[in-house]
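S.K.: Following this line is target.txt, made up of compact mmCIF, C-alpha atoms and all ligand atoms:
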```txt
# COMPACT_ATOMS: atom_id res chain seq x y z
CA MET A 1486 0.00 0.00 0.00
CA ASN A 1487 1.22 3.51 -0.79
CA VAL A 1488 2.67 5.71 1.92
CA LYS A 1489 1.09 9.17 2.31
CA ASN A 1490 3.52 10.48 4.90
CA TYR A 1491 6.42 9.03 6.86
CA VAL A 1492 9.14 9.85 9.35
CA ARG A 1493 12.37 7.92 9.86
CA LEU A 1494 14.17 8.16 13.19
CA GLU A 1495 17.59 6.81 14.06
CA PHE A 1496 18.91 7.14 17.60
CA SER A 1497 21.35 5.73 20.16
CA SER A 1498 20.21 2.79 22.26
CA LEU A 1499 19.94 4.91 25.38
CA PRO A 1500 17.03 4.56 27.83
CA GLU A 1501 16.32 8.31 27.62
CA ASN A 1502 15.48 7.82 23.95
CA VAL A 1503 12.49 5.62 24.83
CA SER A 1504 10.49 8.72 25.75
CA PHE A 1505 11.92 10.57 22.73
CA ALA A 1506 10.67 7.85 20.37
CA ARG A 1507 7.26 7.55 22.01
CA SER A 1508 6.70 11.32 21.92
CA CYS A 1509 7.80 11.60 18.29
CA VAL A 1510 5.55 8.77 17.14
CA GLY A 1511 2.65 10.13 19.24
CA ALA A 1512 3.06 13.59 17.71
CA PHE A 1513 3.22 12.15 14.20
CA ALA A 1514 0.14 9.96 14.80
CA SER A 1515 -1.89 12.89 16.10
CA GLN A 1516 -2.39 14.14 12.52
CA LEU A 1517 -4.73 11.16 12.08
CA ASP A 1518 -8.35 11.43 13.11
CA CYS A 1519 -7.87 9.49 16.34
CA THR A 1520 -8.55 9.89 20.07
CA LEU A 1521 -6.13 10.71 22.87
CA GLU A 1522 -6.61 7.15 24.05
CA ASP A 1523 -5.48 5.87 20.64
CA ILE A 1524 -2.37 8.05 20.93
CA GLU A 1525 -1.63 6.75 24.43
CA GLU A 1526 -1.86 3.16 23.21
CA ILE A 1527 0.41 3.91 20.25
CA LYS A 1528 2.96 5.54 22.57
CA LEU A 1529 2.83 2.55 24.88
CA VAL A 1530 3.60 0.02 22.14
CA VAL A 1531 6.50 2.16 20.88
CA SER A 1532 7.94 2.24 24.41
CA GLU A 1533 7.65 -1.52 24.68
CA ALA A 1534 9.34 -2.22 21.35
CA VAL A 1535 12.14 0.33 21.78
CA SER A 1536 12.78 -0.88 25.35
CA ASN A 1537 13.03 -4.42 24.03
CA SER A 1538 15.67 -3.37 21.50
CA ILE A 1539 17.71 -1.60 24.19
CA ILE A 1540 17.39 -4.22 26.93
CA HIS A 1541 17.18 -7.50 25.04
CA GLY A 1542 18.58 -6.67 21.61
CA TYR A 1543 21.57 -4.68 22.80
CA ASN A 1544 21.89 -5.85 26.41
CA ASN A 1545 21.86 -2.16 27.48
CA ASP A 1546 24.88 -1.27 25.34
CA PRO A 1547 24.31 2.47 24.68
CA SER A 1548 26.63 2.62 21.65
CA GLN A 1549 24.19 0.83 19.32
CA THR A 1550 21.54 2.18 16.97
CA ILE A 1551 17.76 1.80 16.81
CA GLU A 1552 15.67 2.75 13.80
CA VAL A 1553 11.99 3.65 13.85
CA VAL A 1554 9.99 4.32 10.71
CA VAL A 1555 6.42 5.48 11.16
CA SER A 1556 4.15 5.85 8.16
CA ILE A 1557 0.60 6.84 7.37
CA LEU A 1558 -0.65 4.59 4.60
CA GLU A 1559 -3.18 5.45 1.92
CA ASN A 1560 -6.08 4.06 3.95
CA ASN A 1561 -5.06 6.20 6.98
CA SER A 1562 -3.63 3.28 8.92
CA LEU A 1563 -0.47 3.86 10.93
CA GLU A 1564 2.49 1.56 10.39
CA ILE A 1565 5.38 1.56 12.87
CA ILE A 1566 8.59 -0.40 12.29
CA ILE A 1567 11.14 -0.69 15.12
CA LYS A 1568 14.45 -2.22 14.14
CA ASP A 1569 17.67 -3.18 15.91
CA TYR A 1570 20.83 -4.99 14.83
CA GLY A 1571 21.26 -6.79 18.13
CA ARG A 1572 21.10 -10.28 19.55
CA GLY A 1573 17.97 -11.42 17.76
CA ILE A 1574 15.33 -13.86 18.99
CA GLU A 1575 15.90 -17.63 18.88
CA ASN A 1576 12.28 -18.66 19.34
CA ILE A 1577 9.77 -16.02 18.27
CA ASP A 1578 6.67 -18.07 19.19
CA GLN A 1579 7.96 -18.52 22.73
CA ALA A 1580 8.98 -14.84 23.00
CA MET A 1581 5.42 -13.79 22.11
CA GLU A 1582 3.78 -15.97 24.75
CA PRO A 1583 2.13 -13.87 27.48
CA THR A 1584 4.36 -13.67 30.59
CA TYR A 1585 7.35 -15.28 28.84
CA SER A 1586 10.58 -13.38 29.43
CA SER A 1587 14.19 -14.46 29.05
CA ASP A 1588 14.79 -12.29 32.15
CA PRO A 1589 12.96 -13.69 35.18
CA SER A 1590 12.72 -10.24 36.79
CA ARG A 1591 10.57 -8.93 33.91
CA MET A 1592 6.85 -9.32 33.28
CA GLY A 1593 7.02 -10.67 29.74
CA LEU A 1594 4.00 -8.68 28.55
CA GLY A 1595 5.56 -6.35 25.97
CA PHE A 1596 4.58 -8.39 22.91
CA THR A 1597 1.18 -9.08 24.48
CA PHE A 1598 0.50 -5.32 24.77
CA MET A 1599 1.77 -4.71 21.24
CA ARG A 1600 -0.49 -7.42 19.86
CA SER A 1601 -3.57 -6.33 21.81
CA PHE A 1602 -3.31 -2.60 21.08
CA MET A 1603 -2.42 -2.94 17.42
CA ASP A 1604 -4.32 -4.57 14.56
CA GLU A 1605 -1.28 -6.35 13.14
CA MET A 1606 2.09 -7.35 14.56
CA ASP A 1607 4.87 -9.04 12.59
CA VAL A 1608 8.23 -9.91 14.09
CA VAL A 1609 11.20 -10.78 11.90
CA SER A 1610 14.35 -11.76 13.77
CA GLU A 1611 17.58 -13.56 13.18
CA PRO A 1612 19.91 -14.59 16.02
CA GLY A 1613 23.07 -12.49 15.90
CA LYS A 1614 21.63 -10.15 13.26
CA GLY A 1615 18.75 -8.31 14.87
CA THR A 1616 15.03 -7.86 15.16
CA SER A 1617 12.41 -5.90 13.29
CA VAL A 1618 8.91 -5.42 14.70
CA ARG A 1619 6.18 -4.12 12.39
CA LEU A 1620 3.02 -2.82 14.00
CA LEU A 1621 -0.10 -1.63 12.18
CA ARG A 1622 -3.02 0.30 13.63
CA CYS A 1623 -6.08 0.87 11.45
CA PHE A 1624 -8.33 3.91 11.67
CA PRO A 1625 -11.62 4.37 9.88
CA SER A 1626 -11.08 6.61 6.88
CA GLN A 1627 -12.27 10.19 7.26
CA ASP A 1628 -14.51 9.88 4.19
CA HIS A 1629 -16.21 6.90 5.79
CA ARG A 1630 -16.78 8.86 9.02
CA ALA A 1631 -18.18 11.82 7.14
CA MET A 1632 -20.77 9.58 5.48
CA ALA A 1633 -21.81 7.87 8.73
N1 LIG B 1701 14.49 -6.65 20.17
C1 LIG B 1701 14.70 -7.83 20.80
N2 LIG B 1701 15.89 -8.46 20.68
C2 LIG B 1701 16.11 -9.65 21.30
N3 LIG B 1701 15.19 -10.30 22.05
C3 LIG B 1701 13.98 -9.72 22.19
C4 LIG B 1701 13.66 -8.48 21.57
N4 LIG B 1701 12.37 -8.17 21.87
C5 LIG B 1701 11.91 -9.17 22.63
N5 LIG B 1701 12.86 -10.12 22.84
C6 LIG B 1701 12.70 -11.40 23.59
O1 LIG B 1701 11.31 -11.63 23.77
C7 LIG B 1701 11.01 -11.75 25.15
C8 LIG B 1701 9.62 -11.23 25.44
O2 LIG B 1701 9.55 -9.81 25.25
P1 LIG B 1701 8.42 -8.99 26.03
O3 LIG B 1701 7.09 -9.62 25.74
O4 LIG B 1701 8.57 -7.56 25.70
O5 LIG B 1701 8.77 -9.26 27.57
P2 LIG B 1701 9.94 -8.65 28.51
O6 LIG B 1701 10.53 -7.46 27.82
O7 LIG B 1701 9.26 -8.29 29.79
O8 LIG B 1701 10.94 -9.76 28.68
C9 LIG B 1701 12.12 -11.01 25.87
O9 LIG B 1701 12.30 -11.48 27.20
C10 LIG B 1701 13.33 -11.34 24.98
O10 LIG B 1701 13.85 -12.60 25.27
MG MG B 1702 9.56 -6.04 26.77
```
Go ahead and express the file in the form of structure tokens.
Ligand SMILES: Nc1ncnc2c1ncn2[C@@H]1O[C@H](COP(=O)(O)OP(=O)(O)O)[C@@H](O)[C@H]1O
Ligand SMILES: [Mg+2]
M.R.:
Amino acid sequence: MNVKNYVRLEFSSLPENVSFARSCVGAFASQLDCTLEDIEEIKLVVSEAVSNSIIHGYNNDPSQTIEVVVSILENNSLEIIIKDYGRGIENIDQAMEPTYSSDPSRMGLGFTFMRSFMDEMDVVSEPGKGTSVRLLRCFPSQDHRAMA
């Protein structure tokens, strides 16, 4: 599907950039006809995915790079791609299970939140190469709303 508008972010894998990424994506998404609650959910999933790249992908090494591309597609859906070049995920099905975490001190709900707040979630990962998470959130088109 064609992209109507997009922003590409690239930033250091520092914890302070979690709030940077969530604010940027939230601000970009606010041009869509959506509620504040929608924006809060979008910000939450960005935090979860970027945190995963920092903590799990890069084992908190601040010298690495995270990429986020957020796009508004032709049908007014919002696509967010979060990418790292870190450790990768051995078993994606297991990683997505609610409450599974490779770190016993964590809750293991990041992917569960991403899946429940977004309409689509695709994870592509290769051990030793990195992880890319694609999230899609659909919004009714403005034409459709105007007719309703
Ligand atoms: N970007 C990533 N790179 C490597 N492993 C990841 C990444 N994202 C998630 N994982 C793996 O998937 C598991 C589940 O992630 P998540 O549901 O967010 O739970 P949590 O972050 O609490 O562990 C993580 O514990 C980790 O093993
Ligand atoms: Mg997580």
S.K.: Using all atoms listed in the file, which of the listed residues (A:Asp1569, A:Asp1588, A:Glu1605, A:Asp1546) sits closest to ligand MG 1702 (chain B)?
M.R.: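 Looking at the shortest contact to ligand MG 1702 (chain B), the residue is A:Asp1588.
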S.K.: Between CA of Pro1612 (chain A) and CA of Met1592 (chain A), what is the distance, to one decimal in Å?
M.R.: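 These two atoms are separated by 22.3 Å.
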S.K.: Excluding same-chain residues fewer than 5 positions from Tyr1543 (chain A), what lies within 7 Å of it counting only C-alpha atoms, as a PyMOL selection string?
M.R.: chain A and resi 1538+1571-1572
S.K.: Here is a test: counting all atoms listed in the file, which residue of A:Ser1548, A:Ser1498, A:Ser1562, A:Phe1624 is nearest to ligand LIG 1701 (chain B)?
M.R.: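 Under the stated criterion, the closest residue is A:Ser1498.
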S.K.: Kindly indicate which residue among A:Glu1559, A:Val1609, A:Gly1542, A:Gly1615 lies nearest to ligand LIG 1701 (chain B), using only C-alpha atoms and all ligand atoms for the distances.
M.R.: A:Gly1542
S.K.: Taking into account all atoms listed in the file, which residue in the set A:Ser1586, A:Asn1561, A:Ser1504, A:Thr1520 is nearest to Val1535 (chain A)?
M.R.: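 Of the candidates, the smallest distance to Val1535 (chain A) is held by A:Ser1504.
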S.K.: So which one's closest to ligand LIG 1701 (chain B), A:Val1510, A:Ile1565, A:Ile1574, A:Leu1494? Using all atoms listed in the file, please.
M.R.: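 Of all the options, A:Ile1574 lies closest to ligand LIG 1701 (chain B).
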S.K.: Report as a compact mmCIF listing (two decimals) with C-alpha atoms, in the coordinates of the input which protein, DNA and RNA residues come within 8 Å of ligand MG 1702 (chain B), using all atoms listed in the file.
M.R.:
```
# COMPACT_ATOMS: atom_id res chain seq x y z
CA GLU A 1533 7.65 -1.52 24.68
CA ALA A 1534 9.34 -2.22 21.35
CA SER A 1536 12.78 -0.88 25.35
CA ASN A 1537 13.03 -4.42 24.03
CA HIS A 1541 17.18 -7.50 25.04
CA SER A 1586 10.58 -13.38 29.43
CA ARG A 1591 10.57 -8.93 33.91
CA MET A 1592 6.85 -9.32 33.28
CA GLY A 1593 7.02 -10.67 29.74
CA LEU A 1594 4.00 -8.68 28.55
CA GLY A 1595 5.56 -6.35 25.97
CA PHE A 1596 4.58 -8.39 22.91
```
S.K.: Which of these, A:Ala1580, A:Met1486, A:Val1608, A:Cys1623, has the shortest distance to ligand LIG 1701 (chain B) once you count all atoms listed in the file?
M.R.: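 Closest residue, counting all atoms listed in the file: A:Ala1580.
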S.K.: By how many Å are atom N2 of ligand LIG 1701 (chain B) and CA of Gly1511 (chain A) apart?
M.R.: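 Separating atom N2 of ligand LIG 1701 (chain B) from CA of Gly1511 (chain A) is a distance of 22.9 Å.
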